[in-house]
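Trainee: What follows is the file query-v4.cif, containing mmCIF, C-alpha atoms:
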```
data_my_file
#
loop_
_atom_site.label_atom_id
_atom_site.label_comp_id
_atom_site.auth_asym_id
_atom_site.auth_seq_id
_atom_site.Cartn_x
_atom_site.Cartn_y
_atom_site.Cartn_z
CA GLY U 1416 -105.07 -20.50 83.04
CA GLU U 1417 -107.84 -18.93 81.05
CA LEU U 1418 -106.26 -15.46 80.94
CA VAL U 1419 -103.02 -16.84 79.52
CA GLU U 1420 -104.95 -18.71 76.83
CA ARG U 1421 -106.92 -15.58 75.94
CA ALA U 1422 -103.75 -13.52 75.76
CA ALA U 1423 -102.12 -16.04 73.43
CA ARG U 1424 -105.16 -15.88 71.10
CA SER U 1425 -105.03 -12.08 70.96
CA ALA U 1426 -103.85 -10.29 67.86
CA ALA U 1427 -101.23 -8.36 69.81
CA VAL U 1428 -99.75 -7.48 73.16
CA VAL U 1429 -98.57 -4.00 74.19
CA PHE U 1430 -95.76 -3.63 76.66
CA THR U 1431 -95.43 -0.29 78.46
CA SER U 1432 -92.34 -1.01 80.56
CA GLY U 1433 -89.57 -3.52 80.99
CA SER U 1434 -91.26 -4.83 84.12
CA THR U 1435 -94.44 -5.62 82.18
CA VAL U 1436 -92.37 -7.70 79.75
CA ARG U 1437 -90.66 -9.57 82.59
CA ASN U 1438 -93.91 -10.11 84.51
CA TYR U 1439 -95.82 -11.28 81.43
CA LEU U 1440 -93.12 -13.81 80.56
CA ALA U 1441 -92.89 -15.01 84.17
CA ALA U 1442 -96.66 -15.53 84.33
CA ALA U 1443 -97.40 -16.76 80.82
CA GLY U 1444 -94.16 -17.72 79.11
CA MET U 1445 -92.92 -17.16 75.57
CA ASP U 1446 -95.49 -19.56 74.11
CA ALA U 1447 -98.30 -17.23 75.22
CA LEU U 1448 -97.04 -14.26 73.22
CA PRO U 1449 -99.43 -13.20 70.46
CA PRO U 1450 -98.01 -12.82 66.95
CA VAL U 1451 -97.59 -9.03 67.28
CA VAL U 1452 -95.63 -7.37 70.09
CA VAL U 1453 -95.78 -3.58 70.43
CA SER U 1454 -93.53 -1.57 72.73
CA ILE U 1455 -94.03 1.93 74.09
CA GLY U 1456 -90.38 2.91 73.67
CA PRO U 1457 -86.78 1.92 73.09
CA VAL U 1458 -86.01 1.02 76.72
CA THR U 1459 -88.94 -1.39 76.84
CA THR U 1460 -87.97 -2.79 73.44
CA GLY U 1461 -84.42 -3.33 74.69
CA VAL U 1462 -85.65 -5.31 77.70
CA ALA U 1463 -88.01 -7.37 75.54
CA GLU U 1464 -85.33 -8.18 72.98
CA SER U 1465 -82.82 -9.07 75.70
CA LEU U 1466 -85.35 -11.66 76.88
CA GLY U 1467 -85.80 -13.09 73.40
CA VAL U 1468 -89.03 -11.32 72.48
CA ARG U 1469 -89.33 -10.08 68.89
CA VAL U 1470 -90.87 -6.60 68.98
CA ARG U 1471 -92.81 -5.82 65.82
CA ILE U 1472 -92.97 -2.06 66.38
CA THR U 1473 -91.72 0.47 68.89
CA ALA U 1474 -93.93 3.53 69.31
CA PRO U 1475 -92.19 6.59 67.83
CA VAL U 1476 -93.99 8.78 70.39
CA HIS U 1477 -93.52 7.25 73.85
CA ASN U 1478 -96.93 7.83 75.44
CA LEU U 1479 -100.41 6.28 75.35
CA ASP U 1480 -101.41 7.95 72.09
CA GLY U 1481 -98.15 6.90 70.47
CA VAL U 1482 -98.42 3.26 71.49
CA ILE U 1483 -102.06 3.08 70.35
CA ALA U 1484 -101.10 4.57 66.98
CA ALA U 1485 -98.26 2.05 66.71
CA LEU U 1486 -100.61 -0.81 67.57
CA TRP U 1487 -103.20 0.29 65.01
CA SER U 1488 -100.50 0.61 62.35
CA VAL U 1489 -99.87 -3.15 62.56
CA VAL U 1490 -103.24 -4.43 63.85
CA PRO U 1491 -106.29 -2.54 62.59
CA PRO U 1492 -108.79 -1.73 65.37
CA ASN U 1493 -111.39 -4.14 63.98
CA ARG U 1494 -108.90 -7.04 64.38
CA ALA U 1495 -107.69 -6.17 67.87
CA ALA U 1496 -110.24 -8.42 69.60
CA PRO U 1497 -110.57 -11.77 67.83
CA PRO U 1498 -113.80 -13.76 68.06
CA GLY U 1499 -113.91 -15.79 71.24
CA SER U 1500 -111.42 -13.58 73.05
CA GLY U 1501 -114.09 -12.26 75.37
CA LEU U 1502 -113.24 -8.75 74.20
CA ASP U 1503 -115.17 -8.85 70.93
CA SER U 1504 -118.61 -7.88 72.20
#
```
What do you get writing this file as structure tokens?
Mentor:
Amino acid sequence: GELVERAARSAAVVFTSGSTVRNYLAAAGMDALPPVVVSIGPVTTGVAESLGVRVRITAPVHNLDGVIAALWSVVPPNRAAPPGSGLDS
């Protein structure tokens, strides 16, 4: 659907738990993963990698601030919402 297409066009996806990885893949599939995958911590990264997902960066501090800092270190804030994503207004 439209949400899956928008997710695939995003610059990145952030996973905050193993269940979010599993649920995302069940709903959207591997082909809908954006080029950058960010994980909140090593447990989530382990789940993602066990499912074949390449995690670009694991947050060194395992909380919201840490995962945002990790995301911004690989995707600058001005690139986080690509044109046409519906999030770029």
Trainee: For Ala1443 in chain U, which residue among U:Ala1422, U:Val1470, U:Leu1479, U:Ala1427 is the nearest when counting all atoms listed in the file?
Mentor: U:Ala1422
Trainee: Could you tell me, as an NGL selection string, exactly which residues end up selected when the PyMOL selection byres ((chain U and resi 1456) around 7) is applied to this structure?
Mentor: :U and (1454-1455 or 1457-1460 or 1473-1474 or 1477)
Trainee: Any chance you could work out the residue set of the PyMOL selection byres ((chain U and resi 1430) around 8) here, as a ChimeraX atom specification?
Mentor: /U:1428-1429,1431-1433,1435-1436,1452-1455,1459
Trainee: Output C-alpha atoms for every residue in that selection, as a PDB file, in the coordinates of the input.
Mentor:
```pdb
ATOM      1  CA  VAL U1428     -99.750  -7.480  73.160  1.00  0.00           C
ATOM      2  CA  VAL U1429     -98.570  -4.000  74.190  1.00  0.00           C
ATOM      3  CA  THR U1431     -95.430  -0.290  78.460  1.00  0.00           C
ATOM      4  CA  SER U1432     -92.340  -1.010  80.560  1.00  0.00           C
ATOM      5  CA  GLY U1433     -89.570  -3.520  80.990  1.00  0.00           C
ATOM      6  CA  THR U1435     -94.440  -5.620  82.180  1.00  0.00           C
ATOM      7  CA  VAL U1436     -92.370  -7.700  79.750  1.00  0.00           C
ATOM      8  CA  VAL U1452     -95.630  -7.370  70.090  1.00  0.00           C
ATOM      9  CA  VAL U1453     -95.780  -3.580  70.430  1.00  0.00           C
ATOM     10  CA  SER U1454     -93.530  -1.570  72.730  1.00  0.00           C
ATOM     11  CA  ILE U1455     -94.030   1.930  74.090  1.00  0.00           C
ATOM     12  CA  THR U1459     -88.940  -1.390  76.840  1.00  0.00           C
TER      13      THR U1459
END
```
Trainee: Using all atoms listed in the file, pick whichever of U:Ser1465, U:Trp1487, U:Val1482, U:Ala1442 has the shortest atom-to-atom distance to Leu1418 in chain U.
Mentor: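 Nearest to Leu1418 in chain U: U:Ala1442.
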Trainee: May I ask which of the residues U:Arg1469, U:Ala1485, U:Asn1478, U:Glu1420 is the closest one to Pro1450 in chain U, counting all atoms listed in the file?
Mentor: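 The answer is U:Arg1469, which sits nearest to Pro1450 in chain U.
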Trainee: Pick the closest to Pro1491 in chain U from U:Gly1467, U:Ala1426, U:Leu1448, U:Val1476: which is it, counting all atoms listed in the file?
Mentor: U:Ala1426
Trainee: Between CA of Ile1483 in chain U and CA of Ala1447 in chain U, what is the spacing in Å?
Mentor: 21.2 Å
Trainee: Could you check how far CA of Leu1466 in chain U sits from CA of Val1489 in chain U, in Å to one decimal?
Mentor: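 If I compute the distance from CA of Leu1466 in chain U to CA of Val1489 in chain U, I get 22.1 Å.
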Trainee: What's the separation between CA of Val1490 in chain U and CA of Gly1444 in chain U, in Å to one decimal place?
Mentor: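 Separation of CA of Val1490 in chain U and CA of Gly1444 in chain U: 22.2 Å.
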Trainee: From the options U:Asp1480, U:Val1419, U:Pro1475, U:Val1468, which residue's atoms come nearest to Val1451 in chain U, counting all atoms listed in the file?
Mentor: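 Looking only at the distances to Val1451 in chain U, the closest residue turns out to be U:Val1468.
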Trainee: Looking at U:Asp1446, U:Ala1484, U:Ile1472, U:Ala1463, which one is nearest to Ser1434 in chain U, with distances taken over only C-alpha atoms?
Mentor: U:Ala1463
